[in-house]
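Undergrad: Dumping the structure here so I can ask a few things about it.
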There are 6 protein chains.
Amino acid sequence: MKILVLNPNSTAAMTDKVARSLVPFAAPASELTFCNPASTPASIEGHYDEAASVLAMLEIIRDEERRGNRGTVIACFDDPGIGAAREIAAGPVIGICEAAMQAASILAARFSVVTTLSRSVPIIEDLALRYGMERRCRRVHAADIAVLALEHDPEARMVVRDAVCRAVAADGSDAIILGCAGMADLTGWLSDEAGVPVIDGCLAGLKIIEGLVQAGFATSKAGAYGWPRSKD
Amino acid sequence: MKILVLNPNSTAAMTDKVARSLVPFAAPASELTFCNPASTPASIEGHYDEAASVLAMLEIIRDEERRGNRGTVIACFDDPGIGAAREIAAGPVIGICEAAMQAASILAARFSVVTTLSRSVPIIEDLALRYGMERRCRRVHAADIAVLALEHDPEARMVVRDAVCRAVAADGSDAIILGCAGMADLTGWLSDEAGVPVIDGCLAGLKIIEGLVQAGFATSKAGAYGWPRSKD
Amino acid sequence: MKILVLNPNSTAAMTDKVARSLVPFAAPASELTFCNPASTPASIEGHYDEAASVLAMLEIIRDEERRGNRGTVIACFDDPGIGAAREIAAGPVIGICEAAMQAASILAARFSVVTTLSRSVPIIEDLALRYGMERRCRRVHAADIAVLALEHDPEARMVVRDAVCRAVAADGSDAIILGCAGMADLTGWLSDEAGVPVIDGCLAGLKIIEGLVQAGFATSKAGAYGWPRSKD
Amino acid sequence: MKILVLNPNSTAAMTDKVARSLVPFAAPASELTFCNPASTPASIEGHYDEAASVLAMLEIIRDEERRGNRGTVIACFDDPGIGAAREIAAGPVIGICEAAMQAASILAARFSVVTTLSRSVPIIEDLALRYGMERRCRRVHAADIAVLALEHDPEARMVVRDAVCRAVAADGSDAIILGCAGMADLTGWLSDEAGVPVIDGCLAGLKIIEGLVQAGFATSKAGAYGWPRSKD
Amino acid sequence: MKILVLNPNSTAAMTDKVARSLVPFAAPASELTFCNPASTPASIEGHYDEAASVLAMLEIIRDEERRGNRGTVIACFDDPGIGAAREIAAGPVIGICEAAMQAASILAARFSVVTTLSRSVPIIEDLALRYGMERRCRRVHAADIAVLALEHDPEARMVVRDAVCRAVAADGSDAIILGCAGMADLTGWLSDEAGVPVIDGCLAGLKIIEGLVQAGFATSKAGAYGWPRSKD
Amino acid sequence: MKILVLNPNSTAAMTDKVARSLVPFAAPASELTFCNPASTPASIEGHYDEAASVLAMLEIIRDEERRGNRGTVIACFDDPGIGAAREIAAGPVIGICEAAMQAASILAARFSVVTTLSRSVPIIEDLALRYGMERRCRRVHAADIAVLALEHDPEARMVVRDAVCRAVAADGSDAIILGCAGMADLTGWLSDEAGVPVIDGCLAGLKIIEGLVQAGFATSKAGAYGWPRSKD
């Protein structure tokens, strides 16, 4: 059972980090592919970066499905191009924001999100609304660090930890979602530090997609996720 | 990995039907327990039946977790006692309404629900609201049959089929959720009849719980799902 | 006109306190019964305690209606078992959370709730949503005391007072609802301390139920609150 | 205990009809005043008619409170001037739309409204939203008759009956609210015809206001309903 | 193209200030009329002041339309009488709250409002809800000054500035709306001080109404904004 | 004052049609540029077509702003790439869905949308939600024609007319929005046929953008619409 975990930005180090975090949790039958486009922005920090990543990302999804891929996780917390990805894929597709919020809403009564930049806060709030999670999500916080700082700045993880602890104290949430794929390696440590479950959407997304594929579920082609229409 | 699938009503035939539907889809590592209380109502058709089932159901969850159970699916579409079950369990717990709606919202842009009795319609609508699915769920339809008719009335499946087809035509939904555990065996046939994915929450719930357990997720004890308080 | 005020927990001292608070306000024609089950938890502090109280509570409602009871107030702020109670009763039934919020929304533009434990905050928020009060209710605060502290800890009332005053200052609400039946005796004093109306749902509920009974209104049996179905 | 039931339009026949409907249900201690301004539109059929009625209506409320009035029901289903009325009154004030919706939400899981003209439908929908009743109110229907037809057209009651029965059949609601004070005399007959409780907001409003006054509740002067500010 | 900018209160100095602020931005073809009634409250600070202003305001709109007026801006942030004004006018009508929120939602992802008195906060929140802006509007703040202080108190503008800066810091909004027509002259200065666009609804409203008139749009008379009904 | 009206698909005939519809309504000071990318899909019928259009569209916006463009209308009813466009532009940007809904909500109490394909219905519903128009928008209807049929199929306009008339009759809306830029030439005729204002978002968008530019408003760079971040 081939499963694609696709990082839409072009930073291979982040893709590798996600891979290291997920491999120990993969189902025995899963054959995981981790990849990223070569030419997209080095990080996705707003709508423009999303727009500049989506076509290359869709190309990969299409190619991988031709090679037998059965389901896809989009490993960027803005869930870029999720509708388009569902149109061009037969197998199920999820973004890590939706995945994390689905998992959190089973495990906790209320959660908060800690992301990188404040400019992403309204984007994530809008996703929460689209997913119907606006009432369970108490607040979206920014740690105020650039996405790539998570790759090379040794202070970044402490900044995230402080933001997570502040969020727990201020919001009374009983779970925290990490709002960036680049934080995927921090969940265990942060759960200990914060005293509540800290959830990474990459892992949540992998398990959801594995489960849907095992159950035989495919994307509905009867509505908004139907195959793109030919123009002839 | 022990997983409990718990039918809160006392009709063993329904428990068996659910078991037959799920066993082929279980993860290799899963050791499934299917059971139901002995003394609860024969079917859950409203708030009173829920209230009359919940304590016996919680007893079983508590016992099974003592015996090593790791995660629980409550196989009744009213998701009875879900909050209490999360309080008394360390492992993740999901009801089949929430499970089906989470799966449907990945596979389809809009879904409708077909349940048994019209008295259950507002109950399911209220659940959709609680789960943030009120905008993706176009409508909840009643097939106008008793729950137990699904066990012994040979006409019941045709009544459900007609309701499913009417729902697709009227709502423009691209997936249908079956709003009763007693319909768990009809998904394949109904998907063919309706031309859209037809989703059973028992299967969705099993895969979600398996995934959460494999990922190492547990119910947060830091908030509303904390262990019940001692009164001393 | 018999009216039942039912405390679902087993602490008779709390039932008595509610009785003392309500008796002076009863309508002349009202014949009030105050009672509590004998075997339920000593306080209701979460979903499990609710589940453990609801059947005994329903038994009393059924019995009292056979003895001529005409309407029922459930004196616990989680409004436990309200749907089931409406199914088994011909007369109107209200919980004190819904009652307090209805009264507050007539008297004030915005209100806040002060309850006992933080674990109850999401439960009350979910009720506010169900009752459509999520926009008028600015926030639900926890005083961080156990329910039974209200019965035996002389400091408890000062803790509640401080929480009420903080809520008024922080939220700009023009009324406060006390989120626990065990606070029923504090309204007069707290209104003076806080400078805004402080509302107890037991009193609000009594007056609403008296009014509905006097008006000849009964629970609709045509929908979700129809009598529980026989299983034969 | 003086209670004012105020019809904001100038049609005394409608005021009298409301009086005849309510008097049998008044509390023994209530001293009811029914009245209407002399110079306002003969019926309130839209925003302009509301605007043209509100000052005269407020004048009466102010005068009556000076004469000892303790609480007020505004007997027009658009709830005109409700915020202003709460500003100038010390006692509680309710409009019949809010009153009917509060009562219906206790008695039934879902309700529909039947009003007179289609132009009032969005007005009532907006009120339902303001009162948080937009999810319990399945739909607002227009019987397509003028308000004054209820006073002199013998066919009008049959038109209303047909609209009520159609609403029950189409919406699956378990209660109907009559969306015009001029229908106050039809509730008993229509309940029999429709097979569900049919609720008039005048009666609901009277009982709510009586209850609030008996309980000692007054309008909060600490927020949006504070006394109008002097301009000096 | 005649356009009416109507201040519903009777303070001519405020009308003049609005005029001075708008004239430089008027379209070449626009012939602006600025006016206010003579007998309404000197400022609109709550529902009663609205009620006391609306009929005189409607009179002017009707008169001006007879004289060829083509569109109307109601220059009070409570948007008083907006429904009635749309009923009696053929041309488009907007209030400055709705206008400012429409403009802000194009220019910014999230905005906050700074108004005068805390009693206006729930009124503006209710407007935001009615306009569907409740999710983009992070918060409504009160500067805690009387409306007329903006006319004669030299400190008032500094109080507003401080409130604006606090709102930007606390809410993370990327635009601020000034919640009172009396602040119309402060936008340029405050934008510099706050570092985000500061929006006045008078200007936004003028440009929206000019645009709608130029486009040939008129108020729909087919629904709730149809001409007031004759009572004969 | 240069204004860009940008059709994101590559069908020049549609761009020309939009130009012919708008030119008569342009402000005297406006210098309009109408254009479309050369390499994007011939029509935008779903998420994939949006994704395949957005980068080329952004390129044009960036180029035009370098040439002095002051404001932009994106002439596709899915409002593709609106967030990214606001990030890369200093001047205001609007999509025609948001523009039409803003205009409609001033002119009418309730509106419905008539678009081309049923697959676009959930996309437009999601936009309505994002814009806070989900309560004023009664329903989104599909005429069930391909976008390009509007360019070459002589029957297409009658199909649209029938859908518009059905929508008015079924929904009781007092305005109709045409949900495709390819219908921009039909508004006058359809308003006559339907008896309610029929609104095209291209015209609404042009007037809104002209107004914002005249008023000196620019996109806020302080939040989610800040310039794309450099990755160095």
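Residues in the structure tokens are numbered from 1 in each chain, the chains being A, B, ... in the order shown, and ligands are numbered from 1 in the order shown.
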If the cut-off is 9 Å, can you tell me the residues of chain F near chain D, counting only C-alpha atoms? I'd like them as a list in words.

TA: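 Written out as asked, the residues are Ala109, Arg110, Arg136 and Gly172 of chain F.
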
Undergrad: Which residues, written as a list in words, have at least one atom at most 7 Å from Leu117 of chain E, with only C-alpha atoms counted and residues fewer than 6 positions away on the same chain left out?

TA: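 Within the cut-off, the hits are Ala142, Ala143, Asp144, Ile145 and Ala146 of chain E.
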
Undergrad: Could you dump the residues just selected with N, CA, C and O atoms as a PDB file, in the first residue's frame?

TA:
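Okay, out_1.pdb is ready:
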ATOM      1  N   ALA E 142     -14.225  50.031  23.235  1.00  0.00           N
ATOM      2  CA  ALA E 142     -14.749  51.356  23.573  1.00  0.00           C
ATOM      3  C   ALA E 142     -13.592  52.222  24.070  1.00  0.00           C
ATOM      4  O   ALA E 142     -12.795  51.782  24.908  1.00  0.00           O
ATOM      5  N   ALA E 143     -13.510  53.452  23.526  1.00  0.00           N
ATOM      6  CA  ALA E 143     -12.518  54.400  24.027  1.00  0.00           C
ATOM      7  C   ALA E 143     -12.984  55.034  25.338  1.00  0.00           C
ATOM      8  O   ALA E 143     -12.216  55.714  26.015  1.00  0.00           O
ATOM      9  N   ASP E 144     -14.232  54.810  25.666  1.00  0.00           N
ATOM     10  CA  ASP E 144     -14.842  55.350  26.890  1.00  0.00           C
ATOM     11  C   ASP E 144     -14.868  56.877  26.896  1.00  0.00           C
ATOM     12  O   ASP E 144     -14.436  57.532  27.854  1.00  0.00           O
ATOM     13  N   ILE E 145     -15.374  57.419  25.810  1.00  0.00           N
ATOM     14  CA  ILE E 145     -15.647  58.860  25.768  1.00  0.00           C
ATOM     15  C   ILE E 145     -17.045  59.048  25.193  1.00  0.00           C
ATOM     16  O   ILE E 145     -17.534  58.218  24.428  1.00  0.00           O
ATOM     17  N   ALA E 146     -17.684  60.135  25.580  1.00  0.00           N
ATOM     18  CA  ALA E 146     -18.986  60.463  25.018  1.00  0.00           C
ATOM     19  C   ALA E 146     -18.810  60.914  23.571  1.00  0.00           C
ATOM     20  O   ALA E 146     -17.749  61.433  23.187  1.00  0.00           O
TER      21      ALA E 146
END

Undergrad: Using the chain letters and numbers from this document, which residues of segment 175-226 of chain A does DSSP assign to strand (DSSP E), as number ranges by chain?

TA: A: 175-178, 198-200

Undergrad: Would you export the selected residues with all heavy atoms as a PDB file, in the first residue's frame, please?

TA:
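Output contents, as saved in result.pdb:
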ATOM      1  N   ALA A 175      -5.298  20.213  24.616  1.00  0.00           N
ATOM      2  CA  ALA A 175      -4.355  19.670  23.632  1.00  0.00           C
ATOM      3  C   ALA A 175      -3.811  20.843  22.830  1.00  0.00           C
ATOM      4  O   ALA A 175      -4.451  21.891  22.721  1.00  0.00           O
ATOM      5  CB  ALA A 175      -5.017  18.663  22.701  1.00  0.00           C
ATOM      6  N   ILE A 176      -2.620  20.638  22.290  1.00  0.00           N
ATOM      7  CA  ILE A 176      -1.992  21.652  21.441  1.00  0.00           C
ATOM      8  C   ILE A 176      -1.675  21.011  20.095  1.00  0.00           C
ATOM      9  O   ILE A 176      -1.181  19.883  20.027  1.00  0.00           O
ATOM     10  CB  ILE A 176      -0.685  22.177  22.072  1.00  0.00           C
ATOM     11  CG1 ILE A 176      -0.979  22.940  23.362  1.00  0.00           C
ATOM     12  CG2 ILE A 176       0.107  23.060  21.086  1.00  0.00           C
ATOM     13  CD1 ILE A 176      -1.671  24.273  23.197  1.00  0.00           C
ATOM     14  N   ILE A 177      -1.974  21.744  19.028  1.00  0.00           N
ATOM     15  CA  ILE A 177      -1.606  21.320  17.682  1.00  0.00           C
ATOM     16  C   ILE A 177      -0.426  22.172  17.227  1.00  0.00           C
ATOM     17  O   ILE A 177      -0.456  23.402  17.378  1.00  0.00           O
ATOM     18  CB  ILE A 177      -2.796  21.496  16.721  1.00  0.00           C
ATOM     19  CG1 ILE A 177      -3.874  20.454  17.034  1.00  0.00           C
ATOM     20  CG2 ILE A 177      -2.342  21.399  15.267  1.00  0.00           C
ATOM     21  CD1 ILE A 177      -5.141  20.633  16.224  1.00  0.00           C
ATOM     22  N   LEU A 178       0.580  21.516  16.665  1.00  0.00           N
ATOM     23  CA  LEU A 178       1.721  22.254  16.125  1.00  0.00           C
ATOM     24  C   LEU A 178       1.409  22.654  14.694  1.00  0.00           C
ATOM     25  O   LEU A 178       1.146  21.784  13.847  1.00  0.00           O
ATOM     26  CB  LEU A 178       2.984  21.396  16.202  1.00  0.00           C
ATOM     27  CG  LEU A 178       3.389  21.023  17.630  1.00  0.00           C
ATOM     28  CD1 LEU A 178       4.644  20.163  17.618  1.00  0.00           C
ATOM     29  CD2 LEU A 178       3.629  22.282  18.468  1.00  0.00           C
ATOM     30  N   VAL A 198       0.436  16.937  22.600  1.00  0.00           N
ATOM     31  CA  VAL A 198       0.855  17.874  21.550  1.00  0.00           C
ATOM     32  C   VAL A 198       0.845  17.089  20.244  1.00  0.00           C
ATOM     33  O   VAL A 198       1.498  16.047  20.133  1.00  0.00           O
ATOM     34  CB  VAL A 198       2.240  18.461  21.865  1.00  0.00           C
ATOM     35  CG1 VAL A 198       2.751  19.286  20.683  1.00  0.00           C
ATOM     36  CG2 VAL A 198       2.164  19.316  23.126  1.00  0.00           C
ATOM     37  N   ILE A 199       0.081  17.588  19.300  1.00  0.00           N
ATOM     38  CA  ILE A 199      -0.284  16.809  18.118  1.00  0.00           C
ATOM     39  C   ILE A 199       0.346  17.411  16.881  1.00  0.00           C
ATOM     40  O   ILE A 199       0.256  18.620  16.640  1.00  0.00           O
ATOM     41  CB  ILE A 199      -1.820  16.786  17.975  1.00  0.00           C
ATOM     42  CG1 ILE A 199      -2.422  16.061  19.181  1.00  0.00           C
ATOM     43  CG2 ILE A 199      -2.231  16.110  16.667  1.00  0.00           C
ATOM     44  CD1 ILE A 199      -3.925  16.204  19.288  1.00  0.00           C
ATOM     45  N   ASP A 200       0.972  16.535  16.087  1.00  0.00           N
ATOM     46  CA  ASP A 200       1.532  16.923  14.804  1.00  0.00           C
ATOM     47  C   ASP A 200       0.641  16.363  13.705  1.00  0.00           C
ATOM     48  O   ASP A 200       0.301  15.171  13.721  1.00  0.00           O
ATOM     49  CB  ASP A 200       2.948  16.350  14.700  1.00  0.00           C
ATOM     50  CG  ASP A 200       3.432  16.277  13.263  1.00  0.00           C
ATOM     51  OD1 ASP A 200       3.344  17.313  12.580  1.00  0.00           O
ATOM     52  OD2 ASP A 200       3.868  15.195  12.841  1.00  0.00           O
TER      53      ASP A 200
END

Undergrad: State, in Å with one decimal place, the distance from atom CA of Cys202 of chain F to atom CA of Leu32 of chain E.

TA: 26.5 Å

Undergrad: When you count only C-alpha atoms, which of these residues is closest to Cys97 of chain D: D:Val164, D:Leu22, D:Ala170, D:Val114?

TA: D:Val114

Undergrad: Give me the residues within 9 Å of Glu45 of chain E as a ChimeraX atom specification, counting only C-alpha atoms and dropping any in the same chain fewer than 2 places off.

TA: /D:228-229 /E:43,47-50,78,116-117,119-120,146-147

Undergrad: Please provide the set of residues having any atom within 9 Å of Leu6 of chain B, restricted to only C-alpha atoms, with same-chain residues fewer than 2 positions apart removed, written as a ChimeraX atom specification.

TA: /B:4,8-9,15,33-37,57,60-61,72-76

Undergrad: Write down as a VMD selection string the residues of segment 116-183 of chain E whose backbone DSSP state falls under helix (DSSP H, G or I).

TA: chain E and resid 118 to 130 149 to 152 156 to 171 181 to 183

Undergrad: Write out as a ChimeraX atom specification the residues lying within 6 Å of segment 38-42 of chain B, counting only C-alpha atoms and excluding same-chain residues fewer than 5 positions away.

TA: /B:9-11,53

Undergrad: Write the residues of the selection above to a file with all heavy atoms, as an mmCIF file, in the first residue's frame.

TA:
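The result, stored in out_14.cif:
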data_model
loop_
_atom_site.group_PDB
_atom_site.id
_atom_site.type_symbol
_atom_site.label_atom_id
_atom_site.label_comp_id
_atom_site.auth_asym_id
_atom_site.auth_seq_id
_atom_site.Cartn_x
_atom_site.Cartn_y
_atom_site.Cartn_z
ATOM 1 N N ASN B 9 -26.705 -1.181 22.489
ATOM 2 C CA ASN B 9 -27.999 -1.830 22.722
ATOM 3 C C ASN B 9 -27.771 -3.325 22.958
ATOM 4 O O ASN B 9 -26.654 -3.820 22.847
ATOM 5 C CB ASN B 9 -28.985 -1.536 21.583
ATOM 6 C CG ASN B 9 -28.678 -2.279 20.293
ATOM 7 O OD1 ASN B 9 -28.204 -3.415 20.284
ATOM 8 N ND2 ASN B 9 -28.957 -1.629 19.181
ATOM 9 N N SER B 10 -28.822 -4.036 23.288
ATOM 10 C CA SER B 10 -28.652 -5.433 23.731
ATOM 11 C C SER B 10 -28.953 -6.445 22.628
ATOM 12 O O SER B 10 -29.119 -7.625 22.911
ATOM 13 C CB SER B 10 -29.550 -5.693 24.942
ATOM 14 O OG SER B 10 -30.894 -5.442 24.593
ATOM 15 N N THR B 11 -29.007 -6.006 21.398
ATOM 16 C CA THR B 11 -29.342 -6.922 20.307
ATOM 17 C C THR B 11 -28.064 -7.540 19.733
ATOM 18 O O THR B 11 -27.368 -6.907 18.917
ATOM 19 C CB THR B 11 -30.147 -6.171 19.226
ATOM 20 O OG1 THR B 11 -31.346 -5.673 19.811
ATOM 21 C CG2 THR B 11 -30.488 -7.088 18.055
ATOM 22 N N SER B 53 -28.817 3.100 28.355
ATOM 23 C CA SER B 53 -27.722 2.243 27.883
ATOM 24 C C SER B 53 -26.370 2.679 28.407
ATOM 25 O O SER B 53 -25.419 1.893 28.415
ATOM 26 C CB SER B 53 -27.663 2.262 26.343
ATOM 27 O OG SER B 53 -28.892 1.869 25.800
#

Undergrad: Taking 2 positions as the minimum chain separation for residues in the same chain, which residues sit within 12 Å of Ile208 of chain B when counting only C-alpha atoms? Answer as an MDAnalysis selection string.

TA: (chainID A and resid 99 102:103 106:107 204:215) or (chainID B and resid 3 26:27 71:73 92:96 98:103 201:206 210:215 217)

Undergrad: Work out how far atom CA of Pro24 of chain D is from atom CA of Arg66 of chain D, in Å to one decimal.

TA: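 We find that atom CA of Arg66 of chain D and atom CA of Pro24 of chain D lie 26.4 Å from each other.
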
Undergrad: How many Å separate atom CA of Thr187 of chain D from atom CA of Ala19 of chain D?

TA: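 About the pair atom CA of Thr187 of chain D and atom CA of Ala19 of chain D: they are 14.3 Å apart.
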